[in-house]
Structures are given as C-alpha cells and as structure tokens.
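Report on the structure given below.
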Amino acid sequence: MVTLPPWAIASSSDYFSRRYRTDDEMMSLAIHLSDRNITEGTGGPFGAAVFERHADGRCTLVSVGMNRVVPLGNSTLHGETVAIQLAQRKIGSYTLSLEDGGGDGSERDDGLFYEEDNDTSSKAEAEEEKDEKEEERGDAAVTDGATTSGADAMCTPAGGRKRQFELFTSCEPCAMCLGATLWSGVSRLVCGATKDDAQAIGFDEGPVYEESYRHLEKCGVGVTRNVLTEEAAGVLRRYGNSGLIYNR
C-alpha cells in the first residue's frame with residue numbers, strides 16, 4: 001500500500017480546498033510538501049502534485065506526493081511516482097491520458113492512498129461501458145489535424161486528449177521518474193530545482209539528458225522548468241546538511 005504521512009493526510013482538506021491558477025501557486029505546494037517531508041522526518045526532500053487544468057483556466061488538485069522511499073521501504077516511491085499512483089487511483093484509470101469523461105466512473109474523493117486490491121479486472125462492467133463509448137467516438141489517431149506514423153505514432157494516444165493533467169515536482173525528475181512521467185499520461189511536466197541541485201548534495205539522478213525532455217515533448221508532454229528554482233533548491237540544501245543520501 002502506498003500511503004501519505006499523517007501530517008499530509010491531516011492537511012489534505014487545506015491543500016484540496018485552495019484555488020490554483022498560476023504555475024507559481026502550484027509549484028509552491030510541491031515545494032511545501034518537500035520541505036514539510038524533511039521537517040517531519042517522513043522521507044526525502046522531494047514533493048510533487050498532480051493538478052487537472054480545466055477549460056476556464058482553473059486548476060484543481062488531484063493528488064499530492066512526497067518521497068516515501070525510506071519510511072515505506074520501497075525504492076520506487078519517489079515524490080512523482082507517489083503523486084502519479086494516487087492520481088490514477090483517484091481518477092480510476094491506469095492512465096491520465098483521458099478524453100472528457102474518461103475514467104472508470106468511480107472517481108474517489110480522497111487521493112490519499114492506493115490499495116493493492118485496486119485491480120482493474122474487478123471492474124468489468126465499467127470497462128465494458130467505457131469500450132462502448134470509445135467505439136461510438138471512433139478510434140482515429142489524429143493530432144492537430146495530421147495523422148502520425150512510425151515512431152511518432154507510438155507516442156500519440158488514440159483520440160483527443162481533452163482532460164489535462166499536469167505534474168508539478170519540486171525537482172527535475174530522476175531517470176525513473178521521467179519514465180513514469182511519460183507512461184503516466186500527464187499532459188505537462190513542471191519542475192522546480194534542477195538535476196544539478198540534487199546531484200550537488202549527493203543524489204544520483206541517473207541518465208537524464210536534454211534529449212530526455214525533448215522526447216517527452218515529442219510525445220505530447222509539455223515541459224516547463226526552473227519554476228521557483230531557488231526556493232526549491234533551498235530545501236535540497238537544507239536536507240543535504242543532515243539528511244540520508246541514498247542511491248543504488
């Protein structure tokens with residue numbers, strides 16, 4: 001089970017009731033999560049949040065995440081992967097690349113934990129209804145009026161991407177989390193501190209290159225970096241003075 005620390009659960013009503021419109025406002029939450037996580041001793045110095053951007057410009061919080069590697073004994077529970085897993089749990093879908101109304105029809109209102117028995121095989125009726133709707137809409141893989149083929153087609157989801165889910169992370173993702181970002185179905189990635197900031201205190205971020213970000217963009221994931229960078233980097237430096245630095 002993926003769980004959030006008690007302080008995050010206790011603060012969830014505050015986080016989810018806020019109004020979010022700007023990148024700074026959303027990044028501020030991710031940085032707050034990273035900072036509070038080390039203050040409370042509940043994980044590493046990385047925080048993340050998934051928001052849904054609506055047509056009118058509003059952004060609603062879908063899930064929060066923070067590094068839970070050491071407390072939960074799981075090397076894959078970085079801030080981004082926790083936020084992604086809880087967002088998909090809440091939406092009721094293995095992907096956040098959804099047409100309007102997409103999901104299994106059972107969206108949860110907590111987004112605070114992921115139960116291991118959340119098995120899509122137990123939702124046959126919902127899946128059947130979803131398939132029927134997709135058949136009605138058709139399966140044309142067309143993006144911006146142009147069909148894609150070859151390598152580009154592998155990155156382009158079928159149908160139009162109408163729901164926009166954005167991942168905000170207090171630091172540029174490591175190699176694992178960049179891969180998770182690609183496969184999660186988010187439409188945009190927004191980063192605070194840099195890979196160099198993380199590596200400066202001893203973390204090994206793995207094979208992450210500029211080409212990695214270009215690949216995300218090629219696959220339709222917008223990328224924005226250096227949002228509130230100094231504030232986010234300050235949390236890393238504070239952790240670097242006394243926190244546990246773990247790599248492989």
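By order of appearance in the structure tokens: chains A, B, ..., then residues from 1 within every chain, and ligands from 1 in the order shown.
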Per-residue nearest contacts of stretch 182-235 of chain A to stretch 38-57 of chain A (12 Å; only C-alpha atoms) as CSV:
residue,atom,partner,partner_atom,distance
A:Ser184,CA,A:Val50,CA,10.9
A:Gly185,CA,A:Val50,CA,11.4
A:Val186,CA,A:Val50,CA,8.5
A:Ser187,CA,A:Glu52,CA,9.6
A:Arg188,CA,A:Val50,CA,9.8
A:Leu189,CA,A:Val50,CA,9.5
A:Val190,CA,A:Ala48,CA,9.7
A:Cys191,CA,A:Ala48,CA,9.3
A:Gly192,CA,A:Ala48,CA,10.0
A:Ala193,CA,A:Phe46,CA,9.8
A:Thr194,CA,A:Phe46,CA,11.8
A:Asp197,CA,A:Pro45,CA,11.6
A:Ala198,CA,A:Pro45,CA,9.4
A:Ile201,CA,A:Pro45,CA,11.0
A:Phe203,CA,A:Gly44,CA,10.7
A:Ala232,CA,A:Phe46,CA,9.0
A:Ala233,CA,A:Pro45,CA,9.7
A:Gly234,CA,A:Pro45,CA,10.1
A:Val235,CA,A:Pro45,CA,6.7
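Interatomic distance, atom CA of A:Leu61 to atom CA of A:Arg237: 27.3 Å.
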- Message: Given only C-alpha atoms as the basis, pick out the residue of A:Ala175, A:Glu211, A:Val62, A:Arg36 nearest to A:Ser11.
- Response: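 Nearest to A:Ser11: A:Arg36.
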- atom CA of A:Val208 to atom CA of A:Ser93: how many Å, to one decimal? 27.7 Å
- Given only C-alpha atoms as the counted atoms, nearest of A:Thr22, A:Ser13, A:Asn247, A:Ser97 to A:Val227: A:Thr22
- Message: Neighbouring residues of stretch 68-83 of chain A were defined as those with any atom within 10 Å, considering only C-alpha atoms; residues of the same chain fewer than 3 positions away were excluded. Please report them as a PyMOL selection string.
- Response: chain A and resi 1-5+30+33-34+37+41-51+62-65+86-89+111-114+167-174+176-181+184+244+246-248
